[in-house]
Amino acid sequence: MTNDTGRTLFVEAQSIAYIFESATTPVFREIDVALGSKIQFLVGRNGIGKSLLAAILAGRLSPSEGVVNHFGSIGYLPQHLEDFSGTGAEILGVASLLSAYSRVLSGDGDAHDYDLASEHWNFEADLKKLLDEAGLPERVLTQPFDALSGGERTRLCLATLKRRGHDFLILDEPSNHLDREGRRWLVEWITSLKGVLVVSHDPFLLRNADAILELSGLGLKTFRGALDVYLAARQQLRESAEKKQAQTQKQLKEARQALQAGLEQTQRRRARGKKAASESNQSKVILGKNKGRSEQTQARVSRIHAERIATKITEWHAAKTQVEIVDPQAFIVASPETNRAATLLSFRSAVLPYGRQEPISFDVGPHDRVAVTGPNGSGKSTLLKVAMGQLSLLHGTCQVTKSVSLLDQHVSLLDPKLSALQNMMNLAPGWSETNYRTILANLRLRGDFALHPVHSLSGGERLRVALACLFSGPTSPALLLLDEPENHIDMDSKDLLKSALLKYGGGIVLVSHDDEFIEDVGVEWQWRMS
């Protein structure tokens, strides 16, 4: 199907809304969107409902209201891949063909095997081409899905979607487990598609967008162009809306003051009239006529002012709906715990239990900022787990300060069953409950939100709780280990994380595939894993 511009239309949604069964307020409502032959991205703060909207548009979830129409075959990649199981061949849907080919080549095939092989005579070449395009080794065909690395799982699922020949794809956070080379590959792969909607906060991907769709509490707004155009347009829209709000608020205040002044003036005039009447010899008829005229004048003036006030209130609400104004997040970072040692972390001829087998030797001082980089499977996360004492080296030594904390993309330092408040009390002891609540409120976790179990919070909300636990106690850790903490979080949360790390005065070891993030947090040197 084509739309009015002549572009192919694959997905059309009209007035869709979604509300959880136990909730009274919709996650979103009145969403209209048309998806065609373009590279489009869906962005928005954590918890706003992007994954829900993506699943609805893909036909994997029914909306509470509205309709979604598909014009062609729609493929879908969920953010979490835990539901996939089996070998790579089974997930790709080629296991039976591979078995038939194997039996035919060994001379054990039956008539069905020969028929199947003859119907797909170019199968092996096509399969090799598919794996090569996905950057996957042939071993993935026989390996269980859960034995693959995160990047290999993502590539395998994307290769499966491509093999099925869908007309349009909806991908939810496809770059989360990809290294630098993988993200570059993903951009090339996405740009080769007929049409795609990608849920992502990844700046590297967003700079290749034809359009960016922003989901907020005000609905869905479309910005034509890539990341830099979107950011400039959003900032301009925000500044214009804030200026309009300020103007209408000022005018509303002036209108209310004018109404009050008019009422006070009328009351003074009435008081003077009563006094003059009591001192004069005018008849009651004349006095009544003057009083009626005065009351009519007062009513007319009051009506004029009330209409002006109503107009300004309408204009003020209209200005507020132009852009979602989110409260700023206030964040104070405590000084690192005192550490007199010249070295916080030291590896000497260290051989990791997984990944890189070459010996590792480097030191991290009290104020050093180091990035550990390298491809998926090279042992970056293993290195941090060794530093935390969670894994043991095969050879060599690792010495680390006692004042060390690990922040990973899963925010595993938090107890998911406990509330934000309870986590802070356990991990950053030393303050009163009032102080903890004030800290969380400054991070937009007010009232009952501070009492919700952490597992019920969005990724961005969990990150804020973790940052509060790390940095808002009496002291911060002397050494901070970061394992791709920028994954799964929105732009505002990433900015908060950057701000916190720039304020932090301790040592940092950062694992990341995001060059821009590495640069923005002031990394001084890198240790390359190969």
# chains A, B, ... in the order shown; residues from 1 in each chain; ligands from 1
$ residues_around --residues "range 374-387 of chain A" --least-positions-apart "5" --cutoff "7 Å" --atoms "only C-alpha atoms" --output "ChimeraX atom specification"
/A:149,151,179,352,354-356,392-393,398,400,481,483,511,528-530
$ select_by_dssp --residues "range 156-224 of chain A" --states "alpha helix (DSSP H)" --output "PyMOL selection string"
chain A and resi 156-163+180-191+203-206
$ residues_around --residues "range 29-43 of chain A" --least-positions-apart "3" --cutoff "6 Å" --atoms "only C-alpha atoms" --output "JSON, numbers by chain"
{"A": [8, 9, 10, 11, 12, 13, 14, 15, 16, 17, 194, 195, 196, 197, 198, 199, 209, 210, 211, 212, 213, 214]}
$ write_last_selection --atoms "C-alpha atoms" --output "short mmCIF file (atom, residue, chain, number, x, y, z; two decimals), in the first residue's frame"
data_model
loop_
_atom_site.label_atom_id
_atom_site.label_comp_id
_atom_site.auth_asym_id
_atom_site.auth_seq_id
_atom_site.Cartn_x
_atom_site.Cartn_y
_atom_site.Cartn_z
CA THR A 8 5.13 2.32 0.49
CA LEU A 9 3.12 1.98 3.70
CA PHE A 10 3.68 -1.14 5.83
CA VAL A 11 2.12 -0.32 9.23
CA GLU A 12 -0.68 2.08 10.10
CA ALA A 13 -1.98 2.65 13.64
CA GLN A 14 -4.99 4.78 14.54
CA SER A 15 -5.90 6.08 18.01
CA ILE A 16 -4.16 3.23 19.83
CA ALA A 17 -3.87 3.14 23.60
CA LYS A 194 13.08 -1.94 2.69
CA GLY A 195 11.80 -0.24 5.83
CA VAL A 196 12.47 -0.45 9.56
CA LEU A 197 11.49 1.00 12.93
CA VAL A 198 14.25 0.76 15.53
CA VAL A 199 13.74 1.40 19.24
CA ALA A 209 17.79 7.96 10.76
CA ASP A 210 15.46 9.33 8.11
CA ALA A 211 13.04 10.28 10.90
CA ILE A 212 12.85 10.05 14.69
CA LEU A 213 9.59 9.40 16.53
CA GLU A 214 9.58 10.66 20.13
#
$ closest_residue --among "A:Ile170, A:Val404, A:Leu502, A:Leu391" --to "Pro353 in chain A" --atoms "only C-alpha atoms"
A:Leu391
$ select_by_dssp --residues "range 373-471 of chain A" --states "strand (DSSP E or B)" --output "list of chain:residue names"
A:Thr373, A:His395, A:Gly396, A:Thr397, A:Cys398, A:Gln399, A:Val400, A:Val404, A:Ser405, A:Leu406, A:Leu407, A:Asp408, A:Ser419, A:Pro453
$ atom_distance --atom1 "CA of Asp490 in chain A" --atom2 "CA of Ser216 in chain A"
12.0 Å
$ residues_around --residues "His513 in chain A" --least-positions-apart "3" --cutoff "9 Å" --atoms "only C-alpha atoms" --output "short mmCIF file (atom, residue, chain, number, x, y, z; two decimals) with C-alpha atoms, in the first residue's frame"
data_model
loop_
_atom_site.label_atom_id
_atom_site.label_comp_id
_atom_site.auth_asym_id
_atom_site.auth_seq_id
_atom_site.Cartn_x
_atom_site.Cartn_y
_atom_site.Cartn_z
CA LEU A 178 27.00 -5.47 20.00
CA ASP A 179 30.61 -4.29 20.08
CA ARG A 180 32.02 -1.47 17.91
CA GLU A 181 32.37 -3.62 14.82
CA ARG A 183 27.30 -1.65 15.67
CA THR A 373 37.75 -2.06 24.93
CA GLY A 374 37.62 -4.96 22.50
CA PRO A 375 35.26 -7.24 20.58
CA GLU A 484 28.47 -1.00 29.77
CA PHE A 517 30.44 7.96 25.91
CA ILE A 518 34.08 7.04 26.63
#
$ decode --residues "range 130-151 of chain A" --atoms "N, CA and C atoms" --output "PDB file, in the first residue's frame"
ATOM      1  N   LEU A 130      24.198 -16.066   3.980  1.00  0.00           N
ATOM      2  CA  LEU A 130      23.431 -15.465   5.071  1.00  0.00           C
ATOM      3  C   LEU A 130      24.300 -15.321   6.317  1.00  0.00           C
ATOM      4  N   LEU A 131      25.049 -16.368   6.661  1.00  0.00           N
ATOM      5  CA  LEU A 131      25.923 -16.318   7.834  1.00  0.00           C
ATOM      6  C   LEU A 131      27.038 -15.292   7.646  1.00  0.00           C
ATOM      7  N   ASP A 132      27.594 -15.232   6.439  1.00  0.00           N
ATOM      8  CA  ASP A 132      28.665 -14.255   6.166  1.00  0.00           C
ATOM      9  C   ASP A 132      28.138 -12.833   6.302  1.00  0.00           C
ATOM     10  N   GLU A 133      26.936 -12.590   5.783  1.00  0.00           N
ATOM     11  CA  GLU A 133      26.352 -11.245   5.882  1.00  0.00           C
ATOM     12  C   GLU A 133      26.099 -10.859   7.330  1.00  0.00           C
ATOM     13  N   ALA A 134      25.785 -11.848   8.177  1.00  0.00           N
ATOM     14  CA  ALA A 134      25.535 -11.585   9.596  1.00  0.00           C
ATOM     15  C   ALA A 134      26.808 -11.606  10.421  1.00  0.00           C
ATOM     16  N   GLY A 135      27.935 -11.944   9.792  1.00  0.00           N
ATOM     17  CA  GLY A 135      29.196 -12.005  10.524  1.00  0.00           C
ATOM     18  C   GLY A 135      29.223 -13.136  11.533  1.00  0.00           C
ATOM     19  N   LEU A 136      28.598 -14.270  11.195  1.00  0.00           N
ATOM     20  CA  LEU A 136      28.500 -15.401  12.114  1.00  0.00           C
ATOM     21  C   LEU A 136      29.317 -16.585  11.614  1.00  0.00           C
ATOM     22  N   PRO A 137      30.014 -17.273  12.507  1.00  0.00           N
ATOM     23  CA  PRO A 137      30.733 -18.492  12.115  1.00  0.00           C
ATOM     24  C   PRO A 137      29.750 -19.659  11.964  1.00  0.00           C
ATOM     25  N   GLU A 138      30.151 -20.678  11.213  1.00  0.00           N
ATOM     26  CA  GLU A 138      29.266 -21.812  10.972  1.00  0.00           C
ATOM     27  C   GLU A 138      28.967 -22.603  12.245  1.00  0.00           C
ATOM     28  N   ARG A 139      29.824 -22.470  13.256  1.00  0.00           N
ATOM     29  CA  ARG A 139      29.616 -23.216  14.500  1.00  0.00           C
ATOM     30  C   ARG A 139      28.288 -22.862  15.174  1.00  0.00           C
ATOM     31  N   VAL A 140      27.739 -21.667  14.909  1.00  0.00           N
ATOM     32  CA  VAL A 140      26.487 -21.278  15.577  1.00  0.00           C
ATOM     33  C   VAL A 140      25.335 -22.195  15.175  1.00  0.00           C
ATOM     34  N   LEU A 141      25.479 -22.874  14.034  1.00  0.00           N
ATOM     35  CA  LEU A 141      24.399 -23.753  13.571  1.00  0.00           C
ATOM     36  C   LEU A 141      24.183 -24.927  14.521  1.00  0.00           C
ATOM     37  N   THR A 142      25.248 -25.382  15.166  1.00  0.00           N
ATOM     38  CA  THR A 142      25.148 -26.551  16.041  1.00  0.00           C
ATOM     39  C   THR A 142      25.179 -26.189  17.519  1.00  0.00           C
ATOM     40  N   GLN A 143      25.468 -24.927  17.841  1.00  0.00           N
ATOM     41  CA  GLN A 143      25.546 -24.527  19.245  1.00  0.00           C
ATOM     42  C   GLN A 143      24.172 -24.145  19.791  1.00  0.00           C
ATOM     43  N   PRO A 144      23.917 -24.442  21.075  1.00  0.00           N
ATOM     44  CA  PRO A 144      22.673 -23.966  21.705  1.00  0.00           C
ATOM     45  C   PRO A 144      22.672 -22.443  21.768  1.00  0.00           C
ATOM     46  N   PHE A 145      21.494 -21.877  21.687  1.00  0.00           N
ATOM     47  CA  PHE A 145      21.368 -20.420  21.684  1.00  0.00           C
ATOM     48  C   PHE A 145      21.972 -19.789  22.929  1.00  0.00           C
ATOM     49  N   ASP A 146      21.733 -20.410  24.095  1.00  0.00           N
ATOM     50  CA  ASP A 146      22.228 -19.814  25.336  1.00  0.00           C
ATOM     51  C   ASP A 146      23.733 -19.960  25.512  1.00  0.00           C
ATOM     52  N   ALA A 147      24.406 -20.702  24.596  1.00  0.00           N
ATOM     53  CA  ALA A 147      25.859 -20.809  24.648  1.00  0.00           C
ATOM     54  C   ALA A 147      26.545 -19.736  23.806  1.00  0.00           C
ATOM     55  N   LEU A 148      25.767 -18.977  23.056  1.00  0.00           N
ATOM     56  CA  LEU A 148      26.319 -17.920  22.201  1.00  0.00           C
ATOM     57  C   LEU A 148      26.515 -16.647  23.006  1.00  0.00           C
ATOM     58  N   SER A 149      27.409 -15.784  22.518  1.00  0.00           N
ATOM     59  CA  SER A 149      27.589 -14.476  23.155  1.00  0.00           C
ATOM     60  C   SER A 149      26.372 -13.605  22.860  1.00  0.00           C
ATOM     61  N   GLY A 150      26.237 -12.508  23.609  1.00  0.00           N
ATOM     62  CA  GLY A 150      25.114 -11.607  23.395  1.00  0.00           C
ATOM     63  C   GLY A 150      25.070 -11.068  21.975  1.00  0.00           C
ATOM     64  N   GLY A 151      26.239 -10.705  21.444  1.00  0.00           N
ATOM     65  CA  GLY A 151      26.293 -10.194  20.079  1.00  0.00           C
ATOM     66  C   GLY A 151      25.914 -11.238  19.054  1.00  0.00           C
TER      67      GLY A 151
END
